[in-house]
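Trainee: The file below is start.txt, compact mmCIF, N, CA and C atoms:
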# COMPACT_ATOMS: atom_id res chain seq x y z
N MET V 1 11.82 11.03 -41.06
CA MET V 1 11.02 11.87 -40.20
C MET V 1 11.97 12.52 -39.19
N SER V 2 11.77 13.75 -38.90
CA SER V 2 12.64 14.45 -37.96
C SER V 2 12.28 14.07 -36.53
N LYS V 3 13.21 14.34 -35.61
CA LYS V 3 12.97 14.02 -34.20
C LYS V 3 11.80 14.81 -33.65
N ARG V 4 11.67 16.04 -34.08
CA ARG V 4 10.59 16.90 -33.58
C ARG V 4 9.22 16.33 -33.97
N ALA V 5 9.10 15.91 -35.21
CA ALA V 5 7.82 15.37 -35.68
C ALA V 5 7.49 14.06 -34.97
N ALA V 6 8.50 13.23 -34.77
CA ALA V 6 8.25 11.95 -34.11
C ALA V 6 7.85 12.17 -32.65
N GLY V 7 8.49 13.12 -31.98
CA GLY V 7 8.19 13.38 -30.58
C GLY V 7 6.84 14.02 -30.37
N SER V 8 6.39 14.83 -31.31
CA SER V 8 5.12 15.54 -31.13
C SER V 8 3.92 14.64 -31.38
N THR V 9 4.09 13.59 -32.17
CA THR V 9 2.96 12.72 -32.44
C THR V 9 2.86 11.58 -31.43
N ALA V 10 3.96 11.24 -30.79
CA ALA V 10 3.94 10.15 -29.81
C ALA V 10 3.42 10.69 -28.48
N LYS V 11 2.36 10.09 -28.00
CA LYS V 11 1.77 10.52 -26.75
C LYS V 11 1.67 9.30 -25.83
N ALA V 12 2.12 9.46 -24.61
CA ALA V 12 2.06 8.34 -23.68
C ALA V 12 0.62 8.13 -23.23
N ALA V 13 0.22 6.88 -23.23
CA ALA V 13 -1.15 6.54 -22.83
C ALA V 13 -1.15 5.93 -21.43
N ALA V 14 -2.27 6.03 -20.80
CA ALA V 14 -2.43 5.42 -19.48
C ALA V 14 -2.43 3.90 -19.62
N GLN V 15 -1.87 3.23 -18.63
CA GLN V 15 -1.84 1.77 -18.63
C GLN V 15 -2.85 1.27 -17.61
N ILE V 16 -3.44 0.13 -17.90
CA ILE V 16 -4.43 -0.45 -17.00
C ILE V 16 -3.92 -1.80 -16.50
N VAL V 17 -4.00 -1.99 -15.19
CA VAL V 17 -3.59 -3.24 -14.56
C VAL V 17 -4.80 -3.77 -13.80
N LYS V 18 -5.09 -5.07 -13.99
CA LYS V 18 -6.19 -5.70 -13.27
C LYS V 18 -5.60 -6.68 -12.26
N LEU V 19 -6.03 -6.52 -11.01
CA LEU V 19 -5.56 -7.41 -9.94
C LEU V 19 -6.73 -7.88 -9.09
N ILE V 20 -6.60 -9.05 -8.51
CA ILE V 20 -7.55 -9.52 -7.51
C ILE V 20 -6.77 -9.65 -6.21
N VAL V 21 -7.16 -8.82 -5.24
CA VAL V 21 -6.41 -8.72 -3.99
C VAL V 21 -7.37 -8.97 -2.82
N PRO V 22 -6.94 -9.69 -1.78
CA PRO V 22 -7.81 -9.89 -0.61
C PRO V 22 -8.11 -8.56 0.08
N ALA V 23 -9.37 -8.33 0.38
CA ALA V 23 -9.81 -7.08 1.01
C ALA V 23 -9.08 -6.86 2.32
N GLY V 24 -8.53 -5.65 2.47
CA GLY V 24 -7.84 -5.27 3.69
C GLY V 24 -6.49 -5.91 3.91
N LYS V 25 -6.01 -6.69 2.95
CA LYS V 25 -4.75 -7.41 3.14
C LYS V 25 -3.74 -7.16 2.02
N ALA V 26 -3.84 -6.03 1.33
CA ALA V 26 -2.89 -5.73 0.26
C ALA V 26 -1.53 -5.40 0.86
N THR V 27 -0.48 -5.95 0.27
CA THR V 27 0.89 -5.66 0.68
C THR V 27 1.73 -5.47 -0.57
N ALA V 28 2.99 -5.16 -0.39
CA ALA V 28 3.88 -5.00 -1.54
C ALA V 28 4.37 -6.35 -2.07
N GLN V 29 3.90 -7.43 -1.47
CA GLN V 29 4.26 -8.78 -1.93
C GLN V 29 3.43 -9.12 -3.17
N PRO V 30 3.78 -10.22 -3.86
CA PRO V 30 2.98 -10.61 -5.02
C PRO V 30 1.53 -10.83 -4.63
N PRO V 31 0.57 -10.52 -5.45
CA PRO V 31 0.67 -10.08 -6.84
C PRO V 31 0.83 -8.57 -7.01
N VAL V 32 0.65 -7.79 -5.95
CA VAL V 32 0.63 -6.33 -6.07
C VAL V 32 2.01 -5.77 -6.42
N GLY V 33 3.03 -6.13 -5.66
CA GLY V 33 4.36 -5.56 -5.84
C GLY V 33 4.92 -5.70 -7.24
N PRO V 34 5.02 -6.92 -7.77
CA PRO V 34 5.59 -7.07 -9.11
C PRO V 34 4.75 -6.41 -10.21
N ALA V 35 3.44 -6.48 -10.09
CA ALA V 35 2.58 -5.92 -11.14
C ALA V 35 2.70 -4.40 -11.21
N LEU V 36 2.73 -3.74 -10.05
CA LEU V 36 2.81 -2.28 -10.04
C LEU V 36 4.24 -1.79 -10.12
N GLY V 37 5.17 -2.51 -9.52
CA GLY V 37 6.58 -2.11 -9.56
C GLY V 37 7.11 -2.07 -10.98
N ALA V 38 6.66 -3.00 -11.81
CA ALA V 38 7.10 -3.03 -13.21
C ALA V 38 6.61 -1.80 -13.98
N LYS V 39 5.54 -1.18 -13.49
CA LYS V 39 4.99 0.01 -14.14
C LYS V 39 5.50 1.30 -13.50
N GLY V 40 6.34 1.17 -12.46
CA GLY V 40 6.91 2.35 -11.82
C GLY V 40 6.07 2.94 -10.71
N VAL V 41 5.10 2.20 -10.21
CA VAL V 41 4.22 2.68 -9.14
C VAL V 41 4.67 2.06 -7.82
N LYS V 42 4.66 2.84 -6.76
CA LYS V 42 5.02 2.32 -5.45
C LYS V 42 3.87 1.45 -4.93
N ALA V 43 4.15 0.18 -4.74
CA ALA V 43 3.12 -0.78 -4.34
C ALA V 43 2.55 -0.45 -2.96
N MET V 44 3.35 0.07 -2.06
CA MET V 44 2.86 0.39 -0.72
C MET V 44 1.84 1.52 -0.75
N ASP V 45 2.00 2.48 -1.67
CA ASP V 45 1.01 3.56 -1.79
C ASP V 45 -0.34 2.97 -2.18
N PHE V 46 -0.32 2.05 -3.14
CA PHE V 46 -1.56 1.38 -3.56
C PHE V 46 -2.13 0.57 -2.40
N ALA V 47 -1.26 -0.20 -1.73
CA ALA V 47 -1.72 -1.09 -0.66
C ALA V 47 -2.41 -0.31 0.46
N LYS V 48 -1.85 0.81 0.87
CA LYS V 48 -2.44 1.61 1.94
C LYS V 48 -3.83 2.11 1.55
N GLU V 49 -3.93 2.65 0.34
CA GLU V 49 -5.22 3.18 -0.11
C GLU V 49 -6.24 2.05 -0.32
N PHE V 50 -5.80 0.93 -0.89
CA PHE V 50 -6.69 -0.22 -1.12
C PHE V 50 -7.22 -0.75 0.21
N ASN V 51 -6.34 -0.91 1.18
CA ASN V 51 -6.76 -1.43 2.49
C ASN V 51 -7.74 -0.48 3.17
N ALA V 52 -7.54 0.81 3.02
CA ALA V 52 -8.45 1.78 3.62
C ALA V 52 -9.83 1.71 2.95
N ARG V 53 -9.85 1.56 1.63
CA ARG V 53 -11.12 1.53 0.91
C ARG V 53 -11.85 0.19 1.03
N THR V 54 -11.16 -0.86 1.44
CA THR V 54 -11.81 -2.17 1.58
C THR V 54 -11.97 -2.57 3.05
N ALA V 55 -11.77 -1.65 3.95
CA ALA V 55 -11.87 -1.95 5.38
C ALA V 55 -13.27 -2.41 5.79
N HIS V 56 -14.29 -1.97 5.07
CA HIS V 56 -15.67 -2.33 5.41
C HIS V 56 -16.07 -3.72 4.91
N LEU V 57 -15.26 -4.32 4.04
CA LEU V 57 -15.57 -5.65 3.49
C LEU V 57 -15.04 -6.74 4.42
N ASP V 58 -15.52 -7.97 4.19
CA ASP V 58 -15.01 -9.11 4.96
C ASP V 58 -13.51 -9.23 4.71
N PRO V 59 -12.70 -9.30 5.76
CA PRO V 59 -11.25 -9.43 5.57
C PRO V 59 -10.91 -10.66 4.74
N GLY V 60 -10.08 -10.48 3.74
CA GLY V 60 -9.66 -11.59 2.89
C GLY V 60 -10.56 -11.85 1.70
N LEU V 61 -11.68 -11.14 1.56
CA LEU V 61 -12.58 -11.33 0.42
C LEU V 61 -11.86 -10.94 -0.86
N PRO V 62 -11.72 -11.85 -1.82
CA PRO V 62 -11.03 -11.50 -3.07
C PRO V 62 -11.75 -10.34 -3.77
N THR V 63 -11.06 -9.22 -3.93
CA THR V 63 -11.66 -8.02 -4.49
C THR V 63 -10.90 -7.58 -5.74
N PRO V 64 -11.54 -7.61 -6.89
CA PRO V 64 -10.88 -7.14 -8.10
C PRO V 64 -10.69 -5.62 -8.07
N ALA V 65 -9.54 -5.18 -8.55
CA ALA V 65 -9.25 -3.75 -8.65
C ALA V 65 -8.76 -3.47 -10.07
N LEU V 66 -9.28 -2.41 -10.66
CA LEU V 66 -8.87 -1.97 -11.99
C LEU V 66 -8.05 -0.70 -11.78
N ILE V 67 -6.74 -0.80 -11.97
CA ILE V 67 -5.81 0.28 -11.67
C ILE V 67 -5.40 0.97 -12.97
N THR V 68 -5.60 2.28 -13.03
CA THR V 68 -5.20 3.08 -14.19
C THR V 68 -3.95 3.85 -13.81
N ILE V 69 -2.85 3.59 -14.52
CA ILE V 69 -1.57 4.23 -14.23
C ILE V 69 -1.30 5.27 -15.31
N GLN V 70 -1.11 6.51 -14.88
CA GLN V 70 -0.84 7.61 -15.79
C GLN V 70 0.65 7.63 -16.15
N PRO V 71 1.01 8.31 -17.24
CA PRO V 71 2.43 8.39 -17.64
C PRO V 71 3.34 8.98 -16.55
N ASP V 72 2.81 9.85 -15.68
CA ASP V 72 3.63 10.44 -14.62
C ASP V 72 3.71 9.53 -13.39
N ARG V 73 3.25 8.28 -13.52
CA ARG V 73 3.27 7.23 -12.49
C ARG V 73 2.26 7.45 -11.38
N SER V 74 1.36 8.39 -11.54
CA SER V 74 0.26 8.51 -10.59
C SER V 74 -0.77 7.45 -10.97
N PHE V 75 -1.65 7.11 -10.05
CA PHE V 75 -2.62 6.07 -10.35
C PHE V 75 -3.95 6.35 -9.69
N THR V 76 -4.97 5.78 -10.26
CA THR V 76 -6.29 5.73 -9.66
C THR V 76 -6.76 4.29 -9.78
N PHE V 77 -7.68 3.90 -8.92
CA PHE V 77 -8.20 2.54 -9.07
C PHE V 77 -9.67 2.49 -8.72
N GLU V 78 -10.30 1.52 -9.31
CA GLU V 78 -11.73 1.29 -9.14
C GLU V 78 -11.91 -0.11 -8.60
N LEU V 79 -12.69 -0.23 -7.55
CA LEU V 79 -12.96 -1.56 -6.98
C LEU V 79 -14.14 -2.18 -7.70
N ARG V 80 -14.08 -3.46 -7.92
CA ARG V 80 -15.16 -4.21 -8.55
C ARG V 80 -15.74 -5.18 -7.53
N THR V 81 -16.83 -5.83 -7.91
CA THR V 81 -17.45 -6.80 -7.02
C THR V 81 -16.68 -8.12 -7.05
N PRO V 82 -16.81 -8.94 -6.01
CA PRO V 82 -16.08 -10.22 -5.97
C PRO V 82 -16.47 -11.11 -7.15
N PRO V 83 -15.63 -12.08 -7.49
CA PRO V 83 -15.93 -12.99 -8.60
C PRO V 83 -17.27 -13.71 -8.40
N THR V 84 -17.99 -13.91 -9.48
CA THR V 84 -19.31 -14.53 -9.43
C THR V 84 -19.24 -15.94 -8.85
N SER V 85 -18.24 -16.70 -9.22
CA SER V 85 -18.15 -18.07 -8.71
C SER V 85 -18.01 -18.08 -7.18
N LEU V 86 -17.29 -17.12 -6.62
CA LEU V 86 -17.15 -17.03 -5.17
C LEU V 86 -18.50 -16.74 -4.52
N LEU V 87 -19.25 -15.79 -5.10
CA LEU V 87 -20.57 -15.45 -4.56
C LEU V 87 -21.52 -16.65 -4.63
N LEU V 88 -21.45 -17.38 -5.74
CA LEU V 88 -22.31 -18.57 -5.89
C LEU V 88 -21.95 -19.64 -4.87
N LYS V 89 -20.66 -19.89 -4.69
CA LYS V 89 -20.24 -20.92 -3.73
C LYS V 89 -20.62 -20.54 -2.31
N ARG V 90 -20.51 -19.26 -1.98
CA ARG V 90 -20.91 -18.83 -0.64
C ARG V 90 -22.41 -18.99 -0.43
N ALA V 91 -23.20 -18.63 -1.45
CA ALA V 91 -24.65 -18.74 -1.34
C ALA V 91 -25.09 -20.20 -1.21
N ALA V 92 -24.37 -21.10 -1.87
CA ALA V 92 -24.72 -22.52 -1.82
C ALA V 92 -24.09 -23.22 -0.63
N GLY V 93 -23.17 -22.56 0.06
CA GLY V 93 -22.53 -23.17 1.22
C GLY V 93 -21.52 -24.24 0.87
N ILE V 94 -20.85 -24.09 -0.27
CA ILE V 94 -19.84 -25.07 -0.68
C ILE V 94 -18.48 -24.37 -0.77
N THR V 95 -17.42 -25.15 -0.77
CA THR V 95 -16.09 -24.57 -0.87
C THR V 95 -15.47 -24.73 -2.25
N THR V 96 -15.81 -25.81 -2.93
CA THR V 96 -15.28 -26.03 -4.28
C THR V 96 -16.41 -26.42 -5.22
N GLY V 97 -16.21 -26.12 -6.48
CA GLY V 97 -17.20 -26.47 -7.49
C GLY V 97 -17.00 -27.90 -7.98
N SER V 98 -17.82 -28.26 -8.94
CA SER V 98 -17.77 -29.59 -9.52
C SER V 98 -16.58 -29.73 -10.45
N GLY V 99 -15.97 -30.87 -10.42
CA GLY V 99 -14.88 -31.15 -11.35
C GLY V 99 -15.41 -31.57 -12.71
N ARG V 100 -16.68 -31.98 -12.75
CA ARG V 100 -17.29 -32.44 -14.01
C ARG V 100 -18.58 -31.65 -14.24
N THR V 101 -18.45 -30.56 -14.93
CA THR V 101 -19.58 -29.67 -15.19
C THR V 101 -20.66 -30.38 -15.98
N GLY V 102 -21.90 -30.22 -15.53
CA GLY V 102 -23.05 -30.76 -16.25
C GLY V 102 -23.42 -32.18 -15.86
N SER V 103 -22.50 -32.93 -15.31
CA SER V 103 -22.83 -34.31 -14.96
C SER V 103 -22.73 -34.57 -13.45
N GLU V 104 -22.13 -33.66 -12.72
CA GLU V 104 -21.99 -33.84 -11.29
C GLU V 104 -22.40 -32.54 -10.59
N TYR V 105 -23.35 -32.66 -9.66
CA TYR V 105 -23.80 -31.49 -8.91
C TYR V 105 -23.24 -31.55 -7.49
N VAL V 106 -22.78 -30.41 -6.99
CA VAL V 106 -22.19 -30.38 -5.65
C VAL V 106 -23.06 -29.59 -4.67
N GLY V 107 -24.15 -29.03 -5.17
CA GLY V 107 -25.03 -28.26 -4.31
C GLY V 107 -26.18 -27.67 -5.10
N SER V 108 -26.97 -26.85 -4.42
CA SER V 108 -28.09 -26.20 -5.11
C SER V 108 -28.19 -24.76 -4.63
N ILE V 109 -28.88 -23.96 -5.45
CA ILE V 109 -29.08 -22.55 -5.15
C ILE V 109 -30.48 -22.19 -5.61
N ASN V 110 -31.15 -21.32 -4.86
CA ASN V 110 -32.51 -20.97 -5.28
C ASN V 110 -32.50 -19.71 -6.14
N VAL V 111 -33.62 -19.46 -6.78
CA VAL V 111 -33.74 -18.35 -7.72
C VAL V 111 -33.57 -17.01 -7.01
N LYS V 112 -34.04 -16.92 -5.77
CA LYS V 112 -33.90 -15.67 -5.02
C LYS V 112 -32.42 -15.31 -4.84
N ALA V 113 -31.61 -16.31 -4.53
CA ALA V 113 -30.17 -16.07 -4.36
C ALA V 113 -29.53 -15.63 -5.67
N LEU V 114 -30.00 -16.21 -6.79
CA LEU V 114 -29.50 -15.78 -8.11
C LEU V 114 -29.77 -14.30 -8.34
N TYR V 115 -30.99 -13.86 -8.01
CA TYR V 115 -31.34 -12.45 -8.18
C TYR V 115 -30.50 -11.55 -7.28
N GLU V 116 -30.22 -11.99 -6.06
CA GLU V 116 -29.39 -11.20 -5.15
C GLU V 116 -27.97 -11.05 -5.71
N ILE V 117 -27.42 -12.13 -6.23
CA ILE V 117 -26.09 -12.07 -6.83
C ILE V 117 -26.11 -11.19 -8.07
N ALA V 118 -27.17 -11.29 -8.87
CA ALA V 118 -27.29 -10.46 -10.07
C ALA V 118 -27.31 -8.98 -9.71
N LYS V 119 -28.00 -8.62 -8.63
CA LYS V 119 -28.04 -7.22 -8.19
C LYS V 119 -26.64 -6.73 -7.82
N ILE V 120 -25.88 -7.58 -7.15
CA ILE V 120 -24.51 -7.22 -6.77
C ILE V 120 -23.65 -7.03 -8.01
N LYS V 121 -23.72 -7.96 -8.96
CA LYS V 121 -22.86 -7.91 -10.14
C LYS V 121 -23.26 -6.81 -11.12
N MET V 122 -24.48 -6.32 -11.05
CA MET V 122 -24.91 -5.26 -11.97
C MET V 122 -24.19 -3.94 -11.70
N LYS V 123 -23.54 -3.81 -10.55
CA LYS V 123 -22.76 -2.61 -10.25
C LYS V 123 -21.56 -2.50 -11.19
N ASP V 124 -21.07 -3.63 -11.69
CA ASP V 124 -19.89 -3.65 -12.56
C ASP V 124 -20.22 -3.47 -14.03
N ILE V 125 -21.44 -3.78 -14.44
CA ILE V 125 -21.78 -3.80 -15.86
C ILE V 125 -22.95 -2.87 -16.13
N ASP V 126 -22.79 -2.03 -17.14
CA ASP V 126 -23.86 -1.12 -17.53
C ASP V 126 -24.67 -1.72 -18.69
N ASP V 127 -25.86 -1.22 -18.88
CA ASP V 127 -26.71 -1.56 -20.02
C ASP V 127 -27.05 -3.04 -20.12
N VAL V 128 -27.24 -3.70 -19.00
CA VAL V 128 -27.68 -5.09 -18.99
C VAL V 128 -28.90 -5.16 -18.09
N SER V 129 -29.94 -5.82 -18.58
CA SER V 129 -31.15 -5.94 -17.77
C SER V 129 -30.91 -6.94 -16.63
N GLU V 130 -31.73 -6.84 -15.60
CA GLU V 130 -31.61 -7.74 -14.47
C GLU V 130 -31.89 -9.18 -14.90
N GLU V 131 -32.84 -9.34 -15.80
CA GLU V 131 -33.18 -10.68 -16.29
C GLU V 131 -32.00 -11.30 -17.04
N ALA V 132 -31.36 -10.51 -17.90
CA ALA V 132 -30.21 -11.03 -18.65
C ALA V 132 -29.06 -11.39 -17.71
N MET V 133 -28.86 -10.56 -16.69
CA MET V 133 -27.80 -10.84 -15.73
C MET V 133 -28.11 -12.12 -14.96
N CYS V 134 -29.38 -12.33 -14.61
CA CYS V 134 -29.77 -13.56 -13.90
C CYS V 134 -29.51 -14.79 -14.76
N LYS V 135 -29.78 -14.69 -16.05
CA LYS V 135 -29.51 -15.82 -16.95
C LYS V 135 -28.02 -16.12 -17.00
N THR V 136 -27.22 -15.08 -17.02
CA THR V 136 -25.77 -15.26 -17.03
C THR V 136 -25.30 -15.92 -15.74
N ILE V 137 -25.81 -15.44 -14.61
CA ILE V 137 -25.44 -16.00 -13.31
C ILE V 137 -25.89 -17.46 -13.22
N ALA V 138 -27.09 -17.76 -13.76
CA ALA V 138 -27.59 -19.14 -13.75
C ALA V 138 -26.67 -20.05 -14.56
N GLY V 139 -26.17 -19.57 -15.68
CA GLY V 139 -25.22 -20.35 -16.49
C GLY V 139 -23.93 -20.62 -15.72
N GLN V 140 -23.46 -19.61 -15.02
CA GLN V 140 -22.24 -19.80 -14.23
C GLN V 140 -22.50 -20.76 -13.06
N ALA V 141 -23.69 -20.70 -12.50
CA ALA V 141 -24.03 -21.62 -11.41
C ALA V 141 -23.99 -23.06 -11.91
N ARG V 142 -24.50 -23.28 -13.10
CA ARG V 142 -24.48 -24.63 -13.66
C ARG V 142 -23.04 -25.09 -13.90
N SER V 143 -22.17 -24.19 -14.37
CA SER V 143 -20.81 -24.61 -14.62
C SER V 143 -20.01 -24.84 -13.34
N VAL V 144 -20.42 -24.23 -12.24
CA VAL V 144 -19.80 -24.50 -10.95
C VAL V 144 -20.26 -25.85 -10.43
N GLY V 145 -21.42 -26.31 -10.90
CA GLY V 145 -21.96 -27.59 -10.45
C GLY V 145 -23.13 -27.43 -9.50
N LEU V 146 -23.85 -26.32 -9.64
CA LEU V 146 -25.00 -26.08 -8.78
C LEU V 146 -26.30 -26.34 -9.53
N ARG V 147 -27.24 -26.93 -8.85
CA ARG V 147 -28.58 -27.14 -9.39
C ARG V 147 -29.43 -25.95 -8.96
N ILE V 148 -30.24 -25.42 -9.85
CA ILE V 148 -31.07 -24.26 -9.54
C ILE V 148 -32.46 -24.76 -9.18
N VAL V 149 -32.92 -24.38 -7.98
CA VAL V 149 -34.23 -24.80 -7.49
C VAL V 149 -35.10 -23.58 -7.26
N SER V 150 -36.41 -23.79 -7.27
CA SER V 150 -37.35 -22.68 -7.08
C SER V 150 -37.48 -22.25 -5.65
Any chance you could give the structure as structure tokens?

Mentor:
Amino acid sequence: MSKRAAGSTAKAAAQIVKLIVPAGKATAQPPVGPALGAKGVKAMDFAKEFNARTAHLDPGLPTPALITIQPDRSFTFELRTPPTSLLLKRAAGITTGSGRTGSEYVGSINVKALYEIAKIKMKDIDDVSEEAMCKTIAGQARSVGLRIVS
């Protein structure tokens, strides 16, 4: 194959990096610096924009970011909702989950709180009913070690 043919068919694709960064506290230190620096993106540019966009959230709240890096090293990112286990633990007022899922309970959560968490998490997922999302959240609550009460 000639060089011309090989070069015309090869197209650089965008790369996606997933990070969980504390809201308002992004820096060029790990995990941001090494993950983006390896892709040729200036970590401080990301950190400044991330901190500005998460200023309204609780400082330090773990916030997932989906970063799309273009071949020219420009980037865009989308913020996601905090991890479900964190939301469940906050709602139940606990700091750690159960070490023995299914046999040891460390707290309880009511159905209303499950629905509130489901509403928050539905921002990240399309084409899922609220009822299905609640069932998923309830399953995660059980694996954290929470008992579901009415």

Trainee: Please, which residues of stretch 37-150 of chain V, numbered as in this document, come out strand (DSSP E) from DSSP, as a PyMOL selection string?

Mentor: chain V and resi 62-69+75-79+107-110+146-149

Trainee: Please report, as AutoDock Vina command-line options, the centre and edge lengths in Å to one decimal of an axis-aligned box covering all listed atoms of stretch 108-111 of chain V with 4 Å per side.

Mentor:
--center_x -30.4 --center_y -21.9 --center_z -6.1 --size_x 14.8 --size_y 17.8 --size_z 11.3

Trainee: Tell me which residues come within 9 Å of (-25.4, -9.8, -8.8), as number ranges by chain, counting only C-alpha atoms in the file's coordinates.

Mentor: V: 81, 84, 87, 114-123, 130, 133-134, 137

Trainee: Skip V:Val21 itself and residues of its chain fewer than 3 positions away, then list as an MDAnalysis selection string all residues within 6.5 Å of it, counting only N, CA and C atoms.

Mentor: chainID V and resid 24:26 60:65

Trainee: Go through V:His56, V:Lys42, V:Arg142, V:Arg73 and flag the residue nearest V:Gly102, using all atoms listed in the file for the distances.

Mentor: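 Counting all atoms listed in the file, the residue closest to V:Gly102 is V:Arg142.
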
Trainee: Can you save stretch 50-88 of chain V of the given block to a file, including C-alpha atoms and formatted as a PDB file, in the first residue's frame?

Mentor:
ATOM      1  CA  PHE V  50     -13.586  22.247  36.158  1.00  0.00           C
ATOM      2  CA  ASN V  51     -13.281  24.306  39.348  1.00  0.00           C
ATOM      3  CA  ALA V  52     -15.335  27.120  37.819  1.00  0.00           C
ATOM      4  CA  ARG V  53     -18.097  24.741  36.715  1.00  0.00           C
ATOM      5  CA  THR V  54     -18.227  22.927  40.081  1.00  0.00           C
ATOM      6  CA  ALA V  55     -18.091  26.029  42.288  1.00  0.00           C
ATOM      7  CA  HIS V  56     -21.800  25.658  43.141  1.00  0.00           C
ATOM      8  CA  LEU V  57     -21.346  22.094  44.486  1.00  0.00           C
ATOM      9  CA  ASP V  58     -20.233  21.102  47.985  1.00  0.00           C
ATOM     10  CA  PRO V  59     -16.437  21.540  48.066  1.00  0.00           C
ATOM     11  CA  GLY V  60     -14.722  18.169  47.832  1.00  0.00           C
ATOM     12  CA  LEU V  61     -17.789  16.283  46.523  1.00  0.00           C
ATOM     13  CA  PRO V  62     -16.429  13.516  44.253  1.00  0.00           C
ATOM     14  CA  THR V  63     -17.620  14.548  40.782  1.00  0.00           C
ATOM     15  CA  PRO V  64     -17.177  12.309  37.747  1.00  0.00           C
ATOM     16  CA  ALA V  65     -16.062  14.057  34.563  1.00  0.00           C
ATOM     17  CA  LEU V  66     -16.133  12.577  31.060  1.00  0.00           C
ATOM     18  CA  ILE V  67     -13.393  14.356  29.090  1.00  0.00           C
ATOM     19  CA  THR V  68     -13.325  14.158  25.285  1.00  0.00           C
ATOM     20  CA  ILE V  69      -9.901  14.987  23.848  1.00  0.00           C
ATOM     21  CA  GLN V  70      -9.733  15.915  20.166  1.00  0.00           C
ATOM     22  CA  PRO V  71      -6.713  15.089  17.953  1.00  0.00           C
ATOM     23  CA  ASP V  72      -5.640  18.774  18.078  1.00  0.00           C
ATOM     24  CA  ARG V  73      -5.422  18.424  21.918  1.00  0.00           C
ATOM     25  CA  SER V  74      -8.465  20.581  22.552  1.00  0.00           C
ATOM     26  CA  PHE V  75     -10.962  19.120  24.995  1.00  0.00           C
ATOM     27  CA  THR V  76     -14.512  19.305  26.212  1.00  0.00           C
ATOM     28  CA  PHE V  77     -15.920  17.692  29.309  1.00  0.00           C
ATOM     29  CA  GLU V  78     -19.243  16.717  30.734  1.00  0.00           C
ATOM     30  CA  LEU V  79     -19.943  16.575  34.448  1.00  0.00           C
ATOM     31  CA  ARG V  80     -21.833  13.605  35.836  1.00  0.00           C
ATOM     32  CA  THR V  81     -23.659  13.091  39.108  1.00  0.00           C
ATOM     33  CA  PRO V  82     -21.770  11.837  42.193  1.00  0.00           C
ATOM     34  CA  PRO V  83     -21.389   8.061  42.669  1.00  0.00           C
ATOM     35  CA  THR V  84     -24.566   6.310  43.827  1.00  0.00           C
ATOM     36  CA  SER V  85     -22.884   4.717  46.836  1.00  0.00           C
ATOM     37  CA  LEU V  86     -21.842   8.169  48.091  1.00  0.00           C
ATOM     38  CA  LEU V  87     -25.406   9.490  47.748  1.00  0.00           C
ATOM     39  CA  LEU V  88     -26.764   6.437  49.567  1.00  0.00           C
TER      40      LEU V  88
END
